[in-house]
$ cat query30.txt   # compact mmCIF, N, CA and C atoms
# COMPACT_ATOMS: atom_id res chain seq x y z
N MET A 1 172.12 80.01 71.06
CA MET A 1 171.58 80.23 72.39
C MET A 1 170.07 80.07 72.40
N GLN A 2 169.41 80.58 71.35
CA GLN A 2 167.95 80.50 71.33
C GLN A 2 167.46 79.05 71.34
N VAL A 3 168.19 78.16 70.67
CA VAL A 3 167.82 76.75 70.67
C VAL A 3 167.94 76.17 72.08
N MET A 4 169.04 76.52 72.76
CA MET A 4 169.24 76.04 74.13
C MET A 4 168.17 76.60 75.06
N ILE A 5 167.86 77.87 74.91
CA ILE A 5 166.84 78.49 75.76
C ILE A 5 165.48 77.85 75.50
N ALA A 6 165.15 77.63 74.24
CA ALA A 6 163.87 77.01 73.89
C ALA A 6 163.75 75.63 74.54
N ALA A 7 164.83 74.86 74.51
CA ALA A 7 164.81 73.52 75.11
C ALA A 7 164.63 73.60 76.63
N GLU A 8 165.31 74.53 77.25
CA GLU A 8 165.20 74.71 78.71
C GLU A 8 163.80 75.15 79.13
N LEU A 9 163.17 75.98 78.31
CA LEU A 9 161.87 76.56 78.69
C LEU A 9 160.68 75.77 78.17
N ALA A 10 160.92 74.75 77.36
CA ALA A 10 159.83 73.95 76.79
C ALA A 10 158.86 73.40 77.85
N PRO A 11 159.36 72.92 78.99
CA PRO A 11 158.41 72.39 79.99
C PRO A 11 157.41 73.43 80.50
N TYR A 12 157.73 74.70 80.35
CA TYR A 12 156.85 75.77 80.84
C TYR A 12 156.01 76.38 79.72
N ARG A 13 156.17 75.86 78.50
CA ARG A 13 155.46 76.35 77.32
C ARG A 13 155.76 77.83 77.05
N ILE A 14 157.02 78.19 77.29
CA ILE A 14 157.49 79.54 77.02
C ILE A 14 158.54 79.44 75.93
N GLY A 15 158.32 80.14 74.84
CA GLY A 15 159.26 80.10 73.73
C GLY A 15 160.46 81.00 73.97
N SER A 16 161.48 80.78 73.18
CA SER A 16 162.70 81.58 73.31
C SER A 16 162.44 83.04 72.98
N GLY A 17 161.35 83.33 72.29
CA GLY A 17 161.01 84.71 71.97
C GLY A 17 160.09 85.37 72.99
N GLN A 18 159.67 84.63 73.99
CA GLN A 18 158.73 85.18 74.96
C GLN A 18 159.34 85.43 76.33
N TYR A 19 160.40 84.74 76.66
CA TYR A 19 160.93 84.86 78.02
C TYR A 19 161.38 86.27 78.35
N ILE A 20 161.90 87.00 77.34
CA ILE A 20 162.38 88.37 77.66
C ILE A 20 161.22 89.26 78.11
N PHE A 21 160.05 89.03 77.56
CA PHE A 21 158.88 89.81 77.95
C PHE A 21 158.43 89.42 79.36
N LEU A 22 158.39 88.13 79.62
CA LEU A 22 158.02 87.66 80.96
C LEU A 22 158.96 88.23 82.01
N MET A 23 160.26 88.17 81.75
CA MET A 23 161.23 88.63 82.72
C MET A 23 161.18 90.16 82.88
N ALA A 24 160.91 90.87 81.80
CA ALA A 24 160.80 92.33 81.89
C ALA A 24 159.59 92.73 82.72
N ILE A 25 158.49 92.04 82.53
CA ILE A 25 157.30 92.33 83.33
C ILE A 25 157.56 91.99 84.80
N ALA A 26 158.30 90.92 85.02
CA ALA A 26 158.60 90.48 86.39
C ALA A 26 159.56 91.43 87.11
N SER A 27 160.31 92.21 86.35
CA SER A 27 161.36 93.04 86.96
C SER A 27 160.88 94.36 87.53
N GLY A 28 159.62 94.69 87.36
CA GLY A 28 159.20 95.99 87.86
C GLY A 28 157.71 96.11 88.02
N ARG A 29 157.29 97.35 87.99
CA ARG A 29 155.86 97.66 88.14
C ARG A 29 155.12 97.33 86.85
N SER A 30 153.81 97.44 86.92
CA SER A 30 152.97 97.23 85.75
C SER A 30 153.46 98.11 84.61
N VAL A 31 153.32 97.60 83.38
CA VAL A 31 153.85 98.31 82.22
C VAL A 31 152.89 98.12 81.04
N THR A 32 152.85 99.11 80.15
CA THR A 32 152.05 98.98 78.94
C THR A 32 152.86 98.22 77.88
N GLN A 33 152.17 97.69 76.88
CA GLN A 33 152.87 97.01 75.78
C GLN A 33 153.80 97.96 75.06
N LYS A 34 153.34 99.19 74.86
CA LYS A 34 154.16 100.17 74.16
C LYS A 34 155.46 100.44 74.92
N ALA A 35 155.35 100.66 76.22
CA ALA A 35 156.54 100.92 77.04
C ALA A 35 157.46 99.70 77.05
N LEU A 36 156.88 98.53 77.08
CA LEU A 36 157.66 97.29 77.07
C LEU A 36 158.42 97.16 75.75
N SER A 37 157.77 97.45 74.65
CA SER A 37 158.43 97.42 73.33
C SER A 37 159.61 98.37 73.30
N GLU A 38 159.38 99.57 73.79
CA GLU A 38 160.44 100.58 73.79
C GLU A 38 161.61 100.17 74.69
N ARG A 39 161.31 99.64 75.86
CA ARG A 39 162.36 99.23 76.79
C ARG A 39 163.20 98.10 76.21
N LEU A 40 162.55 97.16 75.54
CA LEU A 40 163.26 95.99 75.02
C LEU A 40 163.77 96.18 73.60
N LEU A 41 163.47 97.34 72.99
CA LEU A 41 163.87 97.62 71.61
C LEU A 41 163.33 96.57 70.64
N VAL A 42 162.03 96.28 70.81
CA VAL A 42 161.36 95.27 70.00
C VAL A 42 160.14 95.93 69.37
N ASP A 43 159.84 95.57 68.12
CA ASP A 43 158.69 96.19 67.45
C ASP A 43 157.38 95.78 68.14
N LYS A 44 156.37 96.61 67.95
CA LYS A 44 155.09 96.44 68.65
C LYS A 44 154.39 95.13 68.27
N THR A 45 154.52 94.71 67.02
CA THR A 45 153.86 93.48 66.57
C THR A 45 154.44 92.27 67.29
N THR A 46 155.77 92.21 67.39
CA THR A 46 156.42 91.11 68.09
C THR A 46 156.01 91.09 69.56
N THR A 47 155.95 92.27 70.16
CA THR A 47 155.53 92.36 71.56
C THR A 47 154.11 91.85 71.72
N ALA A 48 153.22 92.28 70.85
CA ALA A 48 151.81 91.87 70.94
C ALA A 48 151.67 90.35 70.84
N LYS A 49 152.40 89.73 69.92
CA LYS A 49 152.33 88.27 69.76
C LYS A 49 152.86 87.55 71.00
N ALA A 50 153.99 88.03 71.52
CA ALA A 50 154.58 87.39 72.70
C ALA A 50 153.67 87.52 73.91
N ILE A 51 153.10 88.70 74.10
CA ILE A 51 152.21 88.92 75.24
C ILE A 51 150.95 88.06 75.10
N ALA A 52 150.42 87.95 73.89
CA ALA A 52 149.24 87.11 73.67
C ALA A 52 149.53 85.66 74.05
N LYS A 53 150.70 85.16 73.68
CA LYS A 53 151.08 83.78 74.02
C LYS A 53 151.23 83.61 75.53
N LEU A 54 151.91 84.56 76.18
CA LEU A 54 152.08 84.48 77.64
C LEU A 54 150.73 84.59 78.35
N GLU A 55 149.84 85.39 77.80
CA GLU A 55 148.50 85.52 78.38
C GLU A 55 147.73 84.21 78.21
N ALA A 56 147.82 83.60 77.03
CA ALA A 56 147.14 82.33 76.77
C ALA A 56 147.64 81.22 77.68
N GLU A 57 148.92 81.27 78.03
CA GLU A 57 149.50 80.27 78.94
C GLU A 57 149.18 80.56 80.40
N GLY A 58 148.58 81.72 80.66
CA GLY A 58 148.19 82.06 82.02
C GLY A 58 149.27 82.73 82.85
N TYR A 59 150.31 83.25 82.20
CA TYR A 59 151.42 83.88 82.93
C TYR A 59 151.28 85.39 83.06
N VAL A 60 150.53 86.00 82.15
CA VAL A 60 150.39 87.47 82.12
C VAL A 60 148.92 87.82 82.01
N ARG A 61 148.55 88.94 82.63
CA ARG A 61 147.19 89.46 82.50
C ARG A 61 147.26 90.95 82.15
N ARG A 62 146.18 91.40 81.53
CA ARG A 62 146.05 92.82 81.18
C ARG A 62 144.97 93.43 82.08
N GLU A 63 145.24 94.63 82.55
CA GLU A 63 144.26 95.35 83.36
C GLU A 63 144.21 96.80 82.88
N PRO A 64 143.05 97.43 82.93
CA PRO A 64 142.97 98.83 82.52
C PRO A 64 143.91 99.70 83.35
N ASP A 65 144.53 100.66 82.69
CA ASP A 65 145.41 101.61 83.38
C ASP A 65 144.50 102.62 84.09
N PRO A 66 144.56 102.66 85.43
CA PRO A 66 143.66 103.57 86.15
C PRO A 66 143.91 105.05 85.82
N SER A 67 145.11 105.38 85.38
CA SER A 67 145.42 106.77 85.07
C SER A 67 145.04 107.14 83.64
N ASP A 68 144.81 106.13 82.78
CA ASP A 68 144.44 106.39 81.39
C ASP A 68 143.78 105.13 80.82
N ASN A 69 142.46 105.14 80.75
CA ASN A 69 141.70 103.96 80.32
C ASN A 69 141.95 103.53 78.88
N ARG A 70 142.68 104.34 78.11
CA ARG A 70 143.00 103.96 76.73
C ARG A 70 144.05 102.85 76.70
N TYR A 71 144.77 102.69 77.79
CA TYR A 71 145.88 101.73 77.84
C TYR A 71 145.57 100.61 78.82
N GLN A 72 146.26 99.50 78.58
CA GLN A 72 146.17 98.37 79.50
C GLN A 72 147.55 98.12 80.07
N LEU A 73 147.58 97.79 81.35
CA LEU A 73 148.83 97.47 82.02
C LEU A 73 149.02 95.97 82.06
N LEU A 74 150.25 95.56 81.90
CA LEU A 74 150.59 94.14 81.94
C LEU A 74 151.15 93.80 83.32
N ASP A 75 150.68 92.70 83.86
CA ASP A 75 151.16 92.20 85.14
C ASP A 75 151.26 90.69 85.07
N LEU A 76 152.05 90.14 85.98
CA LEU A 76 152.13 88.69 86.08
C LEU A 76 150.93 88.15 86.85
N THR A 77 150.49 86.99 86.46
CA THR A 77 149.48 86.27 87.24
C THR A 77 150.22 85.51 88.34
N GLU A 78 149.48 84.83 89.17
CA GLU A 78 150.13 83.99 90.19
C GLU A 78 150.98 82.92 89.52
N ALA A 79 150.48 82.31 88.45
CA ALA A 79 151.27 81.31 87.72
C ALA A 79 152.54 81.93 87.15
N GLY A 80 152.43 83.17 86.68
CA GLY A 80 153.60 83.87 86.16
C GLY A 80 154.64 84.10 87.24
N ARG A 81 154.19 84.53 88.42
CA ARG A 81 155.13 84.73 89.53
C ARG A 81 155.79 83.43 89.96
N GLN A 82 155.05 82.34 89.87
CA GLN A 82 155.62 81.04 90.26
C GLN A 82 156.63 80.53 89.24
N VAL A 83 156.45 80.83 87.97
CA VAL A 83 157.34 80.30 86.94
C VAL A 83 158.62 81.13 86.80
N VAL A 84 158.61 82.37 87.23
CA VAL A 84 159.77 83.25 87.06
C VAL A 84 161.05 82.64 87.66
N PRO A 85 161.03 82.12 88.89
CA PRO A 85 162.27 81.52 89.42
C PRO A 85 162.77 80.34 88.58
N GLU A 86 161.85 79.58 88.03
CA GLU A 86 162.22 78.44 87.17
C GLU A 86 162.89 78.95 85.88
N VAL A 87 162.33 80.01 85.32
CA VAL A 87 162.89 80.59 84.10
C VAL A 87 164.27 81.17 84.39
N ARG A 88 164.41 81.84 85.53
CA ARG A 88 165.72 82.39 85.90
C ARG A 88 166.77 81.29 86.01
N GLU A 89 166.40 80.19 86.64
CA GLU A 89 167.34 79.06 86.75
C GLU A 89 167.70 78.50 85.38
N ALA A 90 166.72 78.36 84.52
CA ALA A 90 166.97 77.85 83.16
C ALA A 90 167.91 78.77 82.40
N LEU A 91 167.66 80.07 82.51
CA LEU A 91 168.52 81.04 81.82
C LEU A 91 169.93 81.04 82.41
N ALA A 92 170.04 80.84 83.70
CA ALA A 92 171.36 80.76 84.34
C ALA A 92 172.14 79.55 83.83
N ARG A 93 171.44 78.44 83.61
CA ARG A 93 172.11 77.24 83.07
C ARG A 93 172.64 77.51 81.66
N VAL A 94 171.83 78.17 80.85
CA VAL A 94 172.26 78.50 79.48
C VAL A 94 173.44 79.47 79.54
N LYS A 95 173.33 80.48 80.37
CA LYS A 95 174.40 81.47 80.49
C LYS A 95 175.70 80.80 80.92
N ALA A 96 175.63 79.89 81.86
CA ALA A 96 176.84 79.20 82.33
C ALA A 96 177.49 78.42 81.19
N ARG A 97 176.67 77.81 80.35
CA ARG A 97 177.23 77.05 79.22
C ARG A 97 177.83 77.96 78.17
N THR A 98 177.20 79.10 77.91
CA THR A 98 177.66 79.98 76.83
C THR A 98 178.87 80.82 77.22
N ARG A 99 179.07 81.06 78.49
CA ARG A 99 180.17 81.91 78.91
C ARG A 99 181.42 81.14 79.31
N LYS A 100 181.39 79.86 79.11
CA LYS A 100 182.53 79.00 79.43
C LYS A 100 183.79 79.54 78.73
N GLY A 101 184.86 79.72 79.51
CA GLY A 101 186.12 80.20 78.95
C GLY A 101 186.24 81.71 78.88
N LEU A 102 185.19 82.43 79.31
CA LEU A 102 185.22 83.90 79.31
C LEU A 102 185.23 84.41 80.74
N SER A 103 186.04 85.41 81.00
CA SER A 103 186.03 86.04 82.32
C SER A 103 184.73 86.84 82.46
N ASP A 104 184.40 87.21 83.70
CA ASP A 104 183.21 88.04 83.93
C ASP A 104 183.32 89.34 83.14
N GLU A 105 184.50 89.93 83.15
CA GLU A 105 184.72 91.19 82.45
C GLU A 105 184.53 91.03 80.94
N ALA A 106 185.10 89.98 80.37
CA ALA A 106 184.98 89.75 78.93
C ALA A 106 183.52 89.49 78.54
N TYR A 107 182.81 88.73 79.34
CA TYR A 107 181.41 88.42 79.06
C TYR A 107 180.56 89.69 79.12
N ASP A 108 180.78 90.52 80.16
CA ASP A 108 180.02 91.76 80.29
C ASP A 108 180.32 92.71 79.13
N GLU A 109 181.57 92.77 78.71
CA GLU A 109 181.94 93.62 77.58
C GLU A 109 181.27 93.13 76.30
N PHE A 110 181.24 91.83 76.11
CA PHE A 110 180.59 91.23 74.95
C PHE A 110 179.11 91.60 74.92
N LEU A 111 178.41 91.46 76.05
CA LEU A 111 176.99 91.81 76.11
C LEU A 111 176.77 93.30 75.87
N GLY A 112 177.65 94.12 76.42
CA GLY A 112 177.55 95.56 76.19
C GLY A 112 177.68 95.90 74.72
N SER A 113 178.59 95.23 74.05
CA SER A 113 178.78 95.47 72.61
C SER A 113 177.54 95.04 71.82
N LEU A 114 176.96 93.92 72.19
CA LEU A 114 175.75 93.47 71.51
C LEU A 114 174.60 94.46 71.69
N LYS A 115 174.49 95.04 72.87
CA LYS A 115 173.43 96.02 73.12
C LYS A 115 173.63 97.26 72.25
N ILE A 116 174.87 97.68 72.10
CA ILE A 116 175.17 98.84 71.25
C ILE A 116 174.79 98.54 69.81
N VAL A 117 175.13 97.35 69.33
CA VAL A 117 174.80 96.96 67.96
C VAL A 117 173.28 96.96 67.78
N LEU A 118 172.56 96.40 68.72
CA LEU A 118 171.10 96.37 68.63
C LEU A 118 170.52 97.78 68.62
N ARG A 119 171.02 98.64 69.48
CA ARG A 119 170.55 100.03 69.51
C ARG A 119 170.83 100.72 68.19
N ASN A 120 172.03 100.50 67.63
CA ASN A 120 172.37 101.09 66.34
C ASN A 120 171.44 100.61 65.24
N LEU A 121 171.14 99.34 65.23
CA LEU A 121 170.23 98.80 64.22
C LEU A 121 168.83 99.36 64.37
N THR A 122 168.38 99.52 65.59
CA THR A 122 167.06 100.07 65.84
C THR A 122 167.00 101.52 65.35
N GLU A 123 168.05 102.29 65.60
CA GLU A 123 168.08 103.68 65.13
C GLU A 123 168.07 103.74 63.61
N LEU A 124 168.75 102.82 62.95
CA LEU A 124 168.76 102.80 61.48
C LEU A 124 167.36 102.54 60.93
N GLU A 125 166.62 101.64 61.57
CA GLU A 125 165.27 101.31 61.10
C GLU A 125 164.32 102.47 61.27
N GLU A 126 164.56 103.33 62.25
CA GLU A 126 163.64 104.42 62.53
C GLU A 126 163.88 105.65 61.65
N ARG A 127 165.05 105.75 61.00
CA ARG A 127 165.35 106.89 60.15
C ARG A 127 164.53 106.87 58.88
N PRO A 128 163.97 108.01 58.50
CA PRO A 128 163.25 108.05 57.21
C PRO A 128 164.26 107.99 56.07
N GLU A 129 163.85 107.41 54.97
CA GLU A 129 164.73 107.26 53.80
C GLU A 129 164.73 108.50 52.96

$ encode --input "query30.txt" --output "structure tokens"
Amino acid sequence: MQVMIAAELAPYRIGSGQYIFLMAIASGRSVTQKALSERLLVDKTTTAKAIAKLEAEGYVRREPDPSDNRYQLLDLTEAGRQVVPEVREALARVKARTRKGLSDEAYDEFLGSLKIVLRNLTELEERPE
């Protein structure tokens, strides 16, 4: 899937590892990198690299958090808001290809199982040895 997503998003200079961050920022209010990492179950280093790339491409900007100047909030730029519908369409094309032969129920169950596995792996990494 990542190869297909990368090919679909190449015209927008968004890698298969960055679109989840773009879409998460697009889905709600301003968010810190830390909160974004926690929401997506991704380590802070990966988040920082992805956000830096999206910022360099002009899709994301950082602004001081008015409630706490120690943090920066992430928001979409105008270019970011314009590219989101294109990314959604690209992801829908990939999803349509990957779910061929699966009912809506089977596909949703499959994704739910993958989320549980990811959560379990994340919990294992956080346990002290």

$ select_by_dssp --input "query30.txt" --residues "chain A" --states "alpha helix (DSSP H)" --output "ChimeraX atom specification"
/A:2-9,19-26,33-40,44-56,78-98,104-126

$ residues_around --input "query30.txt" --residues "stretch 74-76 of chain A" --least-positions-apart "5" --cutoff "8 Å" --atoms "all atoms listed in the file" --output "list in words"
Leu22, Ile25, Ala26, Arg29, Ser30, Val31, Thr32, Gln33, Gly58, Tyr59, Val60, Arg61, Arg62, Glu63, Pro64, Asp65, Arg81 and Gln82 of chain A

$ closest_residue --input "query30.txt" --among "A:Gly112, A:Phe21, A:Arg13, A:Val3" --to "A:Ile51" --atoms "all atoms listed in the file"
A:Phe21

$ residues_around --input "query30.txt" --residues "A:Arg93" --least-positions-apart "6" --cutoff "12 Å" --atoms "only C-alpha atoms" --output "list of chain:residue names"
A:Met1, A:Met4, A:Ile5, A:Ala7, A:Glu8, A:Leu9, A:Glu86, A:Val87, A:Arg99, A:Lys100

$ atom_distance --input "query30.txt" --atom1 "atom CA of A:Leu41" --atom2 "atom N of A:Arg119"
7.5 Å

$ decode --input "query30.txt" --residues "stretch 68-79 of chain A" --atoms "all heavy atoms" --output "short mmCIF file (atom, residue, chain, number, x, y, z; two decimals), in the first residue's frame"
data_model
loop_
_atom_site.label_atom_id
_atom_site.label_comp_id
_atom_site.auth_asym_id
_atom_site.auth_seq_id
_atom_site.Cartn_x
_atom_site.Cartn_y
_atom_site.Cartn_z
N ASP A 68 0.62 28.65 25.97
CA ASP A 68 1.89 28.19 26.54
C ASP A 68 2.99 28.38 25.49
O ASP A 68 3.12 27.59 24.57
CB ASP A 68 1.79 26.71 26.94
CG ASP A 68 2.99 26.24 27.74
OD1 ASP A 68 4.05 26.89 27.68
OD2 ASP A 68 2.85 25.22 28.43
N ASN A 69 3.77 29.43 25.65
CA ASN A 69 4.80 29.79 24.67
C ASN A 69 5.91 28.77 24.51
O ASN A 69 6.73 28.87 23.61
CB ASN A 69 5.40 31.15 25.00
CG ASN A 69 4.46 32.28 24.67
OD1 ASN A 69 3.63 32.15 23.77
ND2 ASN A 69 4.56 33.38 25.40
N ARG A 70 5.95 27.75 25.38
CA ARG A 70 6.97 26.71 25.24
C ARG A 70 6.66 25.79 24.06
O ARG A 70 7.53 25.07 23.59
CB ARG A 70 7.06 25.87 26.52
CG ARG A 70 7.57 26.65 27.73
CD ARG A 70 7.52 25.80 28.96
NE ARG A 70 6.12 25.45 29.25
CZ ARG A 70 5.72 24.56 30.14
NH1 ARG A 70 6.61 23.90 30.84
NH2 ARG A 70 4.45 24.32 30.34
N TYR A 71 5.42 25.80 23.62
CA TYR A 71 4.99 24.89 22.56
C TYR A 71 4.62 25.66 21.30
O TYR A 71 4.29 26.84 21.35
CB TYR A 71 3.77 24.07 23.01
CG TYR A 71 4.07 23.18 24.18
CD1 TYR A 71 3.69 23.54 25.47
CD2 TYR A 71 4.76 21.98 24.01
CE1 TYR A 71 3.98 22.72 26.55
CE2 TYR A 71 5.05 21.17 25.08
CZ TYR A 71 4.65 21.54 26.36
OH TYR A 71 4.94 20.73 27.41
N GLN A 72 4.68 24.93 20.20
CA GLN A 72 4.24 25.49 18.92
C GLN A 72 3.07 24.66 18.41
O GLN A 72 3.06 23.42 18.54
CB GLN A 72 5.37 25.47 17.90
CG GLN A 72 6.49 26.43 18.26
CD GLN A 72 7.50 26.54 17.16
OE1 GLN A 72 7.77 25.58 16.45
NE2 GLN A 72 8.05 27.72 17.00
N LEU A 73 2.11 25.35 17.84
CA LEU A 73 0.95 24.68 17.26
C LEU A 73 1.15 24.51 15.77
O LEU A 73 1.71 25.38 15.10
CB LEU A 73 -0.32 25.51 17.52
CG LEU A 73 -0.71 25.68 18.99
CD1 LEU A 73 -1.89 26.63 19.11
CD2 LEU A 73 -1.03 24.33 19.61
N LEU A 74 0.69 23.39 15.27
CA LEU A 74 0.79 23.09 13.84
C LEU A 74 -0.55 23.39 13.18
O LEU A 74 -1.60 23.01 13.70
CB LEU A 74 1.14 21.61 13.64
CG LEU A 74 2.42 21.14 14.31
CD1 LEU A 74 2.54 19.63 14.19
CD2 LEU A 74 3.62 21.82 13.70
N ASP A 75 -0.48 24.05 12.06
CA ASP A 75 -1.67 24.36 11.26
C ASP A 75 -1.33 24.19 9.80
O ASP A 75 -0.15 24.24 9.40
CB ASP A 75 -2.11 25.81 11.49
CG ASP A 75 -2.95 25.98 12.73
OD1 ASP A 75 -3.96 25.27 12.85
OD2 ASP A 75 -2.59 26.82 13.56
N LEU A 76 -2.37 24.04 8.99
CA LEU A 76 -2.17 23.99 7.55
C LEU A 76 -2.01 25.40 7.00
O LEU A 76 -2.63 26.35 7.50
CB LEU A 76 -3.37 23.34 6.86
CG LEU A 76 -3.63 21.87 7.14
CD1 LEU A 76 -4.85 21.40 6.37
CD2 LEU A 76 -2.43 21.02 6.80
N THR A 77 -1.20 25.52 5.99
CA THR A 77 -1.11 26.78 5.24
C THR A 77 -2.23 26.75 4.21
O THR A 77 -2.95 25.76 4.07
CB THR A 77 0.25 26.87 4.52
OG1 THR A 77 0.32 25.79 3.58
CG2 THR A 77 1.42 26.82 5.49
N GLU A 78 -2.33 27.82 3.45
CA GLU A 78 -3.32 27.83 2.37
C GLU A 78 -3.02 26.72 1.36
O GLU A 78 -3.92 26.03 0.90
CB GLU A 78 -3.33 29.20 1.66
CG GLU A 78 -4.37 29.31 0.57
CD GLU A 78 -5.80 29.07 1.04
OE1 GLU A 78 -6.13 29.40 2.20
OE2 GLU A 78 -6.59 28.52 0.25
N ALA A 79 -1.75 26.52 1.04
CA ALA A 79 -1.37 25.43 0.13
C ALA A 79 -1.75 24.08 0.71
O ALA A 79 -2.20 23.18 0.00
CB ALA A 79 0.13 25.48 -0.16
#
